[in-house]
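Colleague: Pasting a structure below so you can have a look.
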Amino acid sequence: MWARLLGRGGGAGCGLRVARDSLRVAGSGSAGKQPQQQQQRRASSAEAALKKTPLFDFHREQGGKMVEFAGWSMPVQYKDSHIVSHMHTREHCSIFDVSHMLQTKVHGKDRVKFMESLVVADVGELQDNQGTLSLFTNEKGGIMDDLIVTKTDQGYLYIVSNAGCADKDSAHMKARLAEFKAAGLDVDLEFLDEALIAVQGPSMSRVLQAGLKEDLGKLTFMTSTLATVFGVPGCRVTRCGYTGEDGVEISVPRSRVVELTEKMLANSEVKLAGLGARDSLRLEAGLCLYGNDIDETTTPVEATLVWTIGKRRRQTKDFPGAAIIVPQIKAKTARKRVGLVSTGPPVRQHTPILSSDGKVIGEVTSGCPSPCLKKNVAMGYVDAAFAKNGTALQVEVRKKAVPAVVSKMPFVPTNYYSG
């Protein structure tokens with residue numbers, strides 16, 4: 001999902017420092033002056049408490065540097081540097097483990113009505129095996145999470161939402177399920193225990209086609225199919241991703257995910273990539289990270305995500321927070337999410353954004369040096385009067401004002417496959 005929550009990584013000053021409170025080297029902590037043996041016990045205990053994906057041991061074997069992210073032990077990078085991994089994805093093909101994300105099936109004849117009671121999308125208008133990015137919203141108009149909803153031809157909706165919001169999202173859906181059940185409506189939830197890998201980059205199609213009977217040329221952006229992939233049956237392949245490149249996400253039986261990953265890695269075009277590269281890739285693509293760029297204090301209009309709200313839904317105003325969100329579409333909002341480009345020292349989350357005369361007009365929500373552009377890219381919220389592309393602003397880095405320009409996103413052109 002474009003707002004796929006995935007990570008923060010190291011390398012070129014991008015990532016780990018941005019979210020150091022939520023992303024830590026697995027098993028590490030404040031060493032202080034504790035005896036080494038005690039430190040090791042504490043590290044082992046901390047690591048044991050983290051959830052692990054079916055690829056955990058494989059990551060370790062491949063030299064993955066494991067970090068804590070949303071309660072999971074995840075690879076932030078491998079033997080290659082963050083920059084090398086980032087550029088390999090842009091130029092070739094990388095595999096990302098995203099098994100920590102919440103996968104859900106919604107069953108029953110009232111499944112569309114159920115989902116539309118929670119999100120802003122026009123789920124009913126989707127064609128079979130078509131998906132869309134959507135948002136869980138609350139009654140105050142805030143964004144509870146972003147997710148992808150796919151209307152399958154198998155009699156269920158397939159949902160992928162963020163790992164960091166998994167407990168909140170599942171509780172939210174269960175509460176609404178209870179309401180629907182009490183009203184006699186036909187709907188059920190199934191939370192999946194499958195692995196999920198993202199295969200991203202310009203050579204993805206050639207790599208994956210070798211393991212498919214189906215013609216990938218017929219699987220366009222945001223469409224999905226069930227398939228046997230490199231001999232592994234029961235995989236759901238969805239053409240989407242969080243890098244701006246052509247790519248797929250493959251939901252695969254957890255017992256076969258290592259096998260599938262190894263078969264793709266046999267192609268020299270393919271390498272493993274971690275959360276660090278994923279974060280800089282999504283930022284170059286102008287994609288939001290939940291908890292940084294959007295949260296329950298931001299509305300879809302402020303976040304420039306109005307396009308996720310179905311036209312019919314704007315008219316019926318029957319999604320959570322519609323009474324606040326819909327009027328904002330015409331009336332505008334006091335602040336707006338924008339892209340920023342600068343040179344010089346890197347721009348980080350929480351960096352103040354200043355007007356040309358030095359007044360604080362906003363704050364950076366995500367930022368890092370762009371490996372592709374060789375400039376700093378960032379996004380953040382500014383007073384609406386300063387949101388026009390090309391507006392000259394400043395960012396305060398290390399107590400110094402650095403020139404910045406409001407820039408159109410994506411910063412790097414996207415390459416989604418439309419057929």
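Starting from 1 in every chain, residues are counted up; chains themselves are A, B, ... following the order of the structure tokens, and ligands are numbered from 1 as listed.
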Can you pull out the residues contacting Cys372 of chain A? Cut-off 10 Å, using only C-alpha atoms, and skip same-chain residues under 2 positions away; I want them as a list in words.
Modeller: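 That gives Ile83, His86, Met87, Arg90, Ser280, Leu281, Glu284, Pro369, Ser370, Lys374, Lys375, Phe411 and Val412 of chain A.
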Colleague: Per residue of segment 74-115 of chain A within 10 Å of segment 156-160 of chain A, what are the shortest atom pair and its distance in Å to one decimal, counting only C-alpha atoms, with rows by chain and residue number, as a tab-separated table?
Modeller:
residue	atom	partner	partner_atom	distance
A:Met101	CA	A:Val160	CA	6.8
A:Leu102	CA	A:Val160	CA	5.6
A:Gln103	CA	A:Val160	CA	4.7
A:Thr104	CA	A:Ile159	CA	5.0
A:Lys105	CA	A:Tyr158	CA	4.8
A:Val106	CA	A:Leu157	CA	5.0
A:His107	CA	A:Tyr156	CA	4.7
A:Gly108	CA	A:Tyr156	CA	7.1
A:Lys109	CA	A:Tyr156	CA	8.8
A:Arg111	CA	A:Leu157	CA	7.2
A:Val112	CA	A:Leu157	CA	7.8
A:Met115	CA	A:Leu157	CA	8.7
Colleague: Smallest atom-to-atom distance to Arg239 of chain A: which of A:Gln130, A:Asn376, A:Gln394, A:Ser81, using only C-alpha atoms?
Modeller: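 Of the candidates, the smallest distance to Arg239 of chain A is held by A:Gln130.
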Colleague: Write down as a ChimeraX atom specification the residues belonging to segment 77-159 of chain A that are assigned helix (DSSP H, G or I) by DSSP computed on the backbone.
Modeller: /A:82-91,111-116,123-125
Colleague: Using C-alpha atoms, can you export the residues from the last selection as a CSV table (one decimal), in the first residue's frame?
Modeller:
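Produced file out_7.csv, reproduced below:
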chain,number,residue,atom,x,y,z
A,82,HIS,CA,21.7,0.8,2.1
A,83,ILE,CA,22.6,2.8,-1.0
A,84,VAL,CA,23.6,-0.2,-3.0
A,85,SER,CA,20.4,-2.0,-2.1
A,86,HIS,CA,18.3,1.0,-3.0
A,87,MET,CA,19.9,1.4,-6.4
A,88,HIS,CA,19.7,-2.3,-7.1
A,89,THR,CA,15.9,-2.1,-6.6
A,90,ARG,CA,15.7,0.8,-9.0
A,91,GLU,CA,17.8,-0.9,-11.6
A,111,ARG,CA,-18.6,-8.2,3.1
A,112,VAL,CA,-18.6,-5.1,0.8
A,113,LYS,CA,-21.1,-3.3,3.1
A,114,PHE,CA,-19.0,-4.3,6.1
A,115,MET,CA,-15.8,-2.9,4.6
A,116,GLU,CA,-17.4,0.3,3.4
A,123,VAL,CA,-15.3,-1.2,-2.7
A,124,GLY,CA,-18.5,-2.1,-4.5
A,125,GLU,CA,-17.3,-0.6,-7.8
Colleague: Which one is closest to Glu302 of chain A: A:Ala384, A:Ala285, A:Val232, A:Ala70? Count only C-alpha atoms.
Modeller: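 Going through A:Ala384, A:Ala285, A:Val232, A:Ala70 one by one, the smallest distance to Glu302 of chain A is for A:Ala384.
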Colleague: Go through A:Gly321, A:Gly286, A:Gly339, A:Pro75 and flag the residue nearest Pro300 of chain A, using only C-alpha atoms for the distances.
Modeller: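 The closest residue to Pro300 of chain A is A:Gly321.
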Colleague: What's the separation between atom CA of Ala178 of chain A and atom CA of Ala195 of chain A, in Å to one decimal place?
Modeller: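 Answer for the atom CA of Ala178 of chain A to atom CA of Ala195 of chain A separation: 27.6 Å.
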